[in-house]
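Report on the following structure.
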Amino acid sequence: MFKDREDAARQLATRLAAYRGRHPLILAIPRGAVPMGKVLAELLQGDMDVVLVRKLRAPYQPEVAIGSVDESGWSYIAPYAASIGADQDYIAAEKHQQLETIRSRRVRYSPIRAPIDPEGRTVIVVDDGLATGATMISALHSLRRRQPAKLVCAVPVSSPDALARIRTMADEVVCLHAPDDFQAVGQFYRHFPQVDDDEVMALLRG
């Protein structure tokens, strides 16, 4: 159980201590992981930025991910998507809607902090937890194409299934806890509020 996202980030920083002083690039998945990215960048003496990806939501079950999409439009579709009612037309419409959200966030975030090029950098991608792993899959796929020197995935908690899905996509995966009884990311935090755009923009300015 983590006290909050800052506590989780501090515990992750301990596990990532080998990167301290090596000027890593910490890329947080908005919005929940952005407070964690700020803490990690400070503790590891690196840079912080965001990687813009979005979950594709299941029909009538918006909390369930059927896949994800990155800023370029590349998408990951989970093998079970069709079985819960996500046909091709639904997926195309959902992908369009989530890309619009990504674009609007880029418009808001970029004037505050220009995107940092990950090429040749040690890149640590952080999220506050993995349920299906869908958004992390898109984040890692997007970043691999941009040729980082090393690609690290760092999360406080994950379902075992999600952890298995993303292990081959990163050079290193750091996960503090992958319990068999995983149900939702929020169950492992005492304090787990929503992070809004105003908070994200304040952290990017900071």
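Residue numbering restarts at 1 for every chain of the structure tokens, chains are lettered A, B, ... in their displayed order, and ligands are numbered from 1 as they appear.
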
Report the closest atom pair, with its distance in Å rounded to one decimal, for each residue of range 28-90 of chain A that has an atom no farther than 12 Å from range 162-170 of chain A; count only C-alpha atoms, sort by chain and then rising residue number, and write it as a Markdown table.
| residue | atom | partner | partner_atom | distance |
| --- | --- | --- | --- | --- |
| A:Ala65 | CA | A:Ala162 | CA | 11.7 |
| A:Tyr76 | CA | A:Arg165 | CA | 11.8 |
| A:Ala78 | CA | A:Arg165 | CA | 10.6 |
| A:Pro79 | CA | A:Arg165 | CA | 11.9 |

For this session: Just the residues within 7 Å of range 57-62 of chain A, please, counting only C-alpha atoms, with nothing from its chain fewer than 4 positions along; format it as a list in words.
Result: Ile66, Gly85 and Ala86 of chain A

For the residues in the current selection, export all heavy atoms as a PDB file, in the first residue's frame.
ATOM      1  N   ILE A  66      -9.755  -1.441 -24.007  1.00  0.00           N
ATOM      2  CA  ILE A  66      -9.705  -2.423 -25.092  1.00  0.00           C
ATOM      3  C   ILE A  66      -8.466  -2.199 -25.953  1.00  0.00           C
ATOM      4  O   ILE A  66      -8.234  -2.902 -26.933  1.00  0.00           O
ATOM      5  CB  ILE A  66     -10.959  -2.369 -25.968  1.00  0.00           C
ATOM      6  CG1 ILE A  66     -11.156  -0.940 -26.527  1.00  0.00           C
ATOM      7  CG2 ILE A  66     -12.175  -2.851 -25.200  1.00  0.00           C
ATOM      8  CD1 ILE A  66     -12.043  -0.866 -27.730  1.00  0.00           C
ATOM      9  N   GLY A  85     -17.657  -6.386 -27.489  1.00  0.00           N
ATOM     10  CA  GLY A  85     -18.508  -5.517 -28.283  1.00  0.00           C
ATOM     11  C   GLY A  85     -17.822  -4.414 -29.062  1.00  0.00           C
ATOM     12  O   GLY A  85     -18.491  -3.554 -29.634  1.00  0.00           O
ATOM     13  N   ALA A  86     -16.504  -4.407 -29.111  1.00  0.00           N
ATOM     14  CA  ALA A  86     -15.784  -3.349 -29.824  1.00  0.00           C
ATOM     15  C   ALA A  86     -15.507  -3.788 -31.262  1.00  0.00           C
ATOM     16  O   ALA A  86     -14.499  -4.428 -31.542  1.00  0.00           O
ATOM     17  CB  ALA A  86     -14.485  -3.021 -29.100  1.00  0.00           C
TER      18      ALA A  86
END

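By only C-alpha atoms, and with residues fewer than 4 positions from Asp161 in chain A along its chain excluded, the set lying at most 10 Å from it is Leu130, Ala131, Thr132, Gly133, Arg165, Ile166, Ala178, Asp180 and Phe182 of chain A.
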
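Among the candidates A:Glu63, A:Asp127, A:Glu119, A:Asp89, the residue lying nearest to Leu27 in chain A is A:Asp127 (atoms considered: only C-alpha atoms).
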
For this session: Go ahead and compute the interatomic distance for CA of Lys38 in chain A and CA of Ser142 in chain A, in Å to one decimal.
Result: 21.1 Å

For this session: Could you check which of A:Ile91, A:Ile77, A:Leu12, A:Val200 is closest to Arg108 in chain A, using only C-alpha atoms?
Result: A:Val200

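Of the listed residues (A:Leu204, A:Ala8, A:Leu99, A:Ala149), A:Ala8 comes nearest to Tyr189 in chain A; the distances count only C-alpha atoms.
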
Which residues, written as an mmCIF file with N, CA and C atoms, in the first residue's frame, have at least one atom at most 6 Å from range 46-56 of chain A, with only C-alpha atoms counted and residues fewer than 6 positions away on the same chain left out?
data_model
loop_
_atom_site.group_PDB
_atom_site.id
_atom_site.type_symbol
_atom_site.label_atom_id
_atom_site.label_comp_id
_atom_site.auth_asym_id
_atom_site.auth_seq_id
_atom_site.Cartn_x
_atom_site.Cartn_y
_atom_site.Cartn_z
ATOM 1 N N HIS A 23 21.525 11.803 -15.869
ATOM 2 C CA HIS A 23 20.666 12.706 -16.633
ATOM 3 C C HIS A 23 19.584 11.955 -17.412
ATOM 4 N N PRO A 24 18.804 11.093 -16.735
ATOM 5 C CA PRO A 24 17.738 10.381 -17.446
ATOM 6 C C PRO A 24 16.602 11.325 -17.831
ATOM 7 N N LEU A 25 15.847 10.913 -18.824
ATOM 8 C CA LEU A 25 14.633 11.618 -19.220
ATOM 9 C C LEU A 25 13.447 10.843 -18.662
ATOM 10 N N ILE A 26 12.715 11.463 -17.751
ATOM 11 C CA ILE A 26 11.557 10.841 -17.137
ATOM 12 C C ILE A 26 10.316 11.264 -17.915
ATOM 13 N N LEU A 27 9.633 10.308 -18.502
ATOM 14 C CA LEU A 27 8.437 10.606 -19.288
ATOM 15 C C LEU A 27 7.222 10.021 -18.578
ATOM 16 N N ALA A 28 6.326 10.892 -18.158
ATOM 17 C CA ALA A 28 5.143 10.488 -17.409
ATOM 18 C C ALA A 28 3.934 10.388 -18.338
ATOM 19 N N ILE A 29 3.093 9.392 -18.077
ATOM 20 C CA ILE A 29 1.847 9.239 -18.822
ATOM 21 C C ILE A 29 0.775 10.077 -18.129
ATOM 22 N N ALA A 65 -10.106 -0.963 -20.554
ATOM 23 C CA ALA A 65 -9.336 -0.655 -21.761
ATOM 24 C C ALA A 65 -9.449 -1.794 -22.764
ATOM 25 N N ILE A 66 -9.755 -1.441 -24.007
ATOM 26 C CA ILE A 66 -9.705 -2.423 -25.092
ATOM 27 C C ILE A 66 -8.466 -2.199 -25.953
ATOM 28 N N GLY A 67 -7.661 -1.209 -25.582
ATOM 29 C CA GLY A 67 -6.464 -0.892 -26.332
ATOM 30 C C GLY A 67 -6.002 0.510 -25.991
ATOM 31 N N SER A 68 -5.193 1.080 -26.876
ATOM 32 C CA SER A 68 -4.647 2.416 -26.638
ATOM 33 C C SER A 68 -4.162 3.000 -27.954
ATOM 34 N N VAL A 69 -3.910 4.305 -27.928
ATOM 35 C CA VAL A 69 -3.436 4.997 -29.124
ATOM 36 C C VAL A 69 -2.360 5.990 -28.715
ATOM 37 N N ASP A 70 -1.342 6.161 -29.573
ATOM 38 C CA ASP A 70 -0.295 7.138 -29.271
ATOM 39 C C ASP A 70 -0.485 8.391 -30.118
ATOM 40 N N GLU A 71 0.403 9.346 -29.944
ATOM 41 C CA GLU A 71 0.247 10.658 -30.582
ATOM 42 C C GLU A 71 0.314 10.592 -32.099
ATOM 43 N N THR A 135 -2.025 1.413 -22.104
ATOM 44 C CA THR A 135 -1.415 2.716 -22.389
ATOM 45 C C THR A 135 0.106 2.635 -22.353
#

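Taking CA of Pro179 in chain A and CA of Ser159 in chain A as the two end points, the separation is 6.5 Å.
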
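The spacing separating CA of Cys175 in chain A from CA of Val155 in chain A amounts to 5.0 Å.
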
Exercise. Leaving out Lys150 in chain A and any residue of its chain fewer than 3 positions from it, which residues lie within 7 Å of it when counting only C-alpha atoms, given as an MDAnalysis selection string?
Worked result: chainID A and resid 121:123 171

Exercise. Which one of A:Gly73, A:Pro111, A:Gly120, A:Gly32 sits closest to Val185 in chain A if you count only C-alpha atoms?
Worked result: A:Gly32
